[in-house]
Each structure stands twice: as structure tokens, then as C-alpha cells.
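Here the structure comes first, spelled out in C-alpha cells, and everything after it is commentary.
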Amino acid sequence: MALRNIVCEGDEILKKKCREVTDIDDRVRTILDDMIETMRDKEGVGIAAPQVGILRKMFVIEPEEGELLEFINPVIIEEKGSQESDEGCLSVPGLVGTMDRPEFIKVEAYDRTGEKVIHEATGFKAIVIRHELDHLEGILFIDNAKEVREASGEEEQEEEQNKKKSKNKS
Ligand code: CO
């Protein structure tokens, strides 16, 4: 496993649409491993392939410690309801945005073994999944946020103390 550099806002890569993963092979599994290591190193709750410079449809999330999920070629089956979220992004350091996200999401995707998996999520996990799906379409939270502001000192401090639980930095 290896840490990868995170592509930051301003780089055109983040605005491009990702292509499908054609073969779920060792190369893909290595990229996923590196994405997991990079996400954990930055104490994020999710990371999408374009954030490490790879324009393929895949992302990993870890909305809670011990709940690591991988999505390859995800497709939205259903979205319902709405909830407001405060989001950050590893590719947009220092900013937080207020968003409207679905309360419930159902997504079909492949895992690293090539098995098809149906994911259903509500609450925070649904927010994280929706955030990562946007990355695959070349969309950042700052493109759709109702309000974008600088992360306050308090929020940064909160992040220091309780990173995974308090923030959706993905
Ligand atoms: Co992000």
C-alpha cells in the first residue's frame, strides 16, 4: 500500500466525468488499497478515485470506524427525502458547505471481488455516499452548496478532537 497525492480544487481533473472500471483486477485492488490508506492518513470519511488523479468510477468510504465500504461502477437505484449537511472535502481544504442531500439512498455497485452489492443508507452514511458519487461526475460540494464558508477555528479544533464523527471530510 502507498499514500497517493490528493488532487485539489483548481485542478481540471476534479471537473471531469469518470469512466467505468472495465476489469476489476489487481491493479484496481491496489488503487483501492492506496485510496483507503490515503483517506485514513488524512482522517477523511471517504475518497473518490479522481481525488488521487484516476478518472474511474470508484470510491471508498468509512463513515464510522470499522465500517469500510468500496464502490466500483456505482449506480443510483433510488433516492428519497432530504436532509441538510455540513460538508468538507479532502480536495477543498479549509472550506465547509451547507448542502441538501437525500435522506435515503440505494446504490448498486461492485466490490473488489467483482460481486454486485446493493447498498442502502440513511443519515450521515447517505451523505457520504452522495458526496462521493458527485466526485465521479466531476462535481464538488462547492458547486452545489447553498452556502460555503471557511471552516472556523472551532470546527478545525473539533476536527482535531473528533475527526471521523464530526465531519464529512471526503
Ligand atoms: Co470530496
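As shown in the C-alpha cells, the chain order sets the letters A, B, ...; within each chain, residues go from 1, and ligands are also counted from 1 in the order they appear.
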Go through chain A and flag each residue having an atom no more than 10 Å from ligand 1; for those, report the closest pair of atoms plus their distance in Å to one decimal, using only C-alpha atoms and all ligand atoms, ordered by chain and rising number, as a Markdown table.
| residue | atom | partner | partner_atom_place_in_ligand_line | distance |
| --- | --- | --- | --- | --- |
| A:Cys8 | CA | ligand 1 | 1 (Co) | 9.7 |
| A:Glu9 | CA | ligand 1 | 1 (Co) | 9.9 |
| A:Leu14 | CA | ligand 1 | 1 (Co) | 9.7 |
| A:Gly44 | CA | ligand 1 | 1 (Co) | 9.0 |
| A:Val45 | CA | ligand 1 | 1 (Co) | 9.2 |
| A:Gly46 | CA | ligand 1 | 1 (Co) | 7.2 |
| A:Ile47 | CA | ligand 1 | 1 (Co) | 6.3 |
| A:Ala48 | CA | ligand 1 | 1 (Co) | 7.1 |
| A:Pro50 | CA | ligand 1 | 1 (Co) | 9.6 |
| A:Gln51 | CA | ligand 1 | 1 (Co) | 7.6 |
| A:Glu87 | CA | ligand 1 | 1 (Co) | 8.5 |
| A:Gly88 | CA | ligand 1 | 1 (Co) | 6.9 |
| A:Cys89 | CA | ligand 1 | 1 (Co) | 3.9 |
| A:Leu90 | CA | ligand 1 | 1 (Co) | 5.6 |
| A:Ser91 | CA | ligand 1 | 1 (Co) | 6.0 |
| A:Val92 | CA | ligand 1 | 1 (Co) | 7.4 |
| A:Pro93 | CA | ligand 1 | 1 (Co) | 9.8 |
| A:Val128 | CA | ligand 1 | 1 (Co) | 8.7 |
| A:Arg130 | CA | ligand 1 | 1 (Co) | 9.9 |
| A:His131 | CA | ligand 1 | 1 (Co) | 6.2 |
| A:Glu132 | CA | ligand 1 | 1 (Co) | 6.2 |
| A:Leu133 | CA | ligand 1 | 1 (Co) | 9.4 |
| A:Asp134 | CA | ligand 1 | 1 (Co) | 8.3 |
| A:His135 | CA | ligand 1 | 1 (Co) | 6.6 |
| A:Ile139 | CA | ligand 1 | 1 (Co) | 9.1 |
| A:Leu140 | CA | ligand 1 | 1 (Co) | 6.6 |
| A:Phe141 | CA | ligand 1 | 1 (Co) | 7.2 |
| A:Ile142 | CA | ligand 1 | 1 (Co) | 9.8 |
| A:Asn168 | CA | ligand 1 | 1 (Co) | 8.5 |
| A:Lys169 | CA | ligand 1 | 1 (Co) | 6.5 |
| A:Ser170 | CA | ligand 1 | 1 (Co) | 3.9 |
Subject >> Near-A:Val60 list (8 Å; only C-alpha atoms; drop same-chain fewer than 6 positions) as number ranges by chain >> reply: A: 32, 35-36, 46-48, 68-71
Subject >> Those in stretch 1-169 of chain A with strand (DSSP E) from DSSP, as a PyMOL selection string >> reply: chain A and resi 46-48+58-64+67-80+83-88+95-101+104-110+116-122+147-150+168-169
Original post:
Near A:Val107, within 7 Å and counting only C-alpha atoms, which residues show up once chain neighbours fewer than 5 positions away are dropped, as a VMD selection string?
Top reply: chain A and resid 74 to 77 118 to 120
Original post:
Which residues come within 6 Å of stretch 15-22 of chain A, counting only C-alpha atoms, excluding same-chain residues fewer than 6 positions away, as a VMD selection string?
Top reply: chain A and resid 55 to 57 73 136 to 138
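Counting from atom CA of A:Gly114, the distance to atom CA of A:Val28 is 10.9 Å.
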Nearby residues (only C-alpha atoms) at most 8 Å from A:Gly123, same-chain spacing under 5 positions excluded, as an mmCIF file with C-alpha atoms, in the first residue's frame:
data_model
loop_
_atom_site.group_PDB
_atom_site.id
_atom_site.type_symbol
_atom_site.label_atom_id
_atom_site.label_comp_id
_atom_site.auth_asym_id
_atom_site.auth_seq_id
_atom_site.Cartn_x
_atom_site.Cartn_y
_atom_site.Cartn_z
ATOM 1 C CA GLN A 83 -31.530 16.345 4.862
ATOM 2 C CA GLU A 103 -32.117 11.202 3.494
ATOM 3 C CA PHE A 104 -32.081 7.748 1.922
#
Original post:
Using only C-alpha atoms, which residues sit within 7 Å of A:Val96 once same-chain residues fewer than 6 positions away are excluded, as a ChimeraX atom specification?
Top reply: /A:86-88,148-151
Subject >> Near-A:Ser82 list (7 Å; only C-alpha atoms; drop same-chain fewer than 6 positions) as a PyMOL selection string >> reply: chain A and resi 100-103
**OP:** Please report, as a ChimeraX atom specification, each residue of stretch 7-144 of chain A to which DSSP assigns alpha helix (DSSP H) when run on this structure's backbone.
**Re:** /A:26-41,123-136,141-144
For those residues, write C-alpha atoms to a file as a CSV table (one decimal), in the first residue's frame.
chain,number,residue,atom,x,y,z
A,26,ASP,CA,-5.1,-6.5,-9.1
A,27,ARG,CA,-4.4,-3.0,-10.5
A,28,VAL,CA,-7.8,-1.8,-9.4
A,29,ARG,CA,-7.4,-3.5,-6.0
A,30,THR,CA,-4.1,-1.8,-5.4
A,31,ILE,CA,-5.6,1.6,-6.2
A,32,LEU,CA,-8.4,0.9,-3.7
A,33,ASP,CA,-5.9,-0.1,-1.1
A,34,ASP,CA,-3.9,3.1,-1.7
A,35,MET,CA,-7.1,5.2,-1.6
A,36,ILE,CA,-8.0,3.6,1.8
A,37,GLU,CA,-4.6,4.3,3.2
A,38,THR,CA,-4.7,7.9,1.9
A,39,MET,CA,-8.2,8.5,3.3
A,40,ARG,CA,-7.2,7.2,6.7
A,41,ASP,CA,-3.9,9.2,6.7
A,123,GLY,CA,-28.4,9.8,7.5
A,124,PHE,CA,-24.7,10.5,7.6
A,125,LYS,CA,-23.7,7.5,5.5
A,126,ALA,CA,-26.1,8.6,2.8
A,127,ILE,CA,-24.5,12.0,2.8
A,128,VAL,CA,-21.0,10.5,2.4
A,129,ILE,CA,-22.1,8.2,-0.5
A,130,ARG,CA,-23.8,11.1,-2.3
A,131,HIS,CA,-20.7,13.3,-1.9
A,132,GLU,CA,-18.5,10.6,-3.4
A,133,LEU,CA,-21.0,9.9,-6.3
A,134,ASP,CA,-20.7,13.6,-7.2
A,135,HIS,CA,-16.9,13.3,-7.5
A,136,LEU,CA,-17.4,10.7,-10.2
A,141,PHE,CA,-19.6,20.3,-2.9
A,142,ILE,CA,-18.7,23.9,-3.5
A,143,ASP,CA,-20.6,23.7,-6.9
A,144,ASN,CA,-23.9,22.9,-5.3
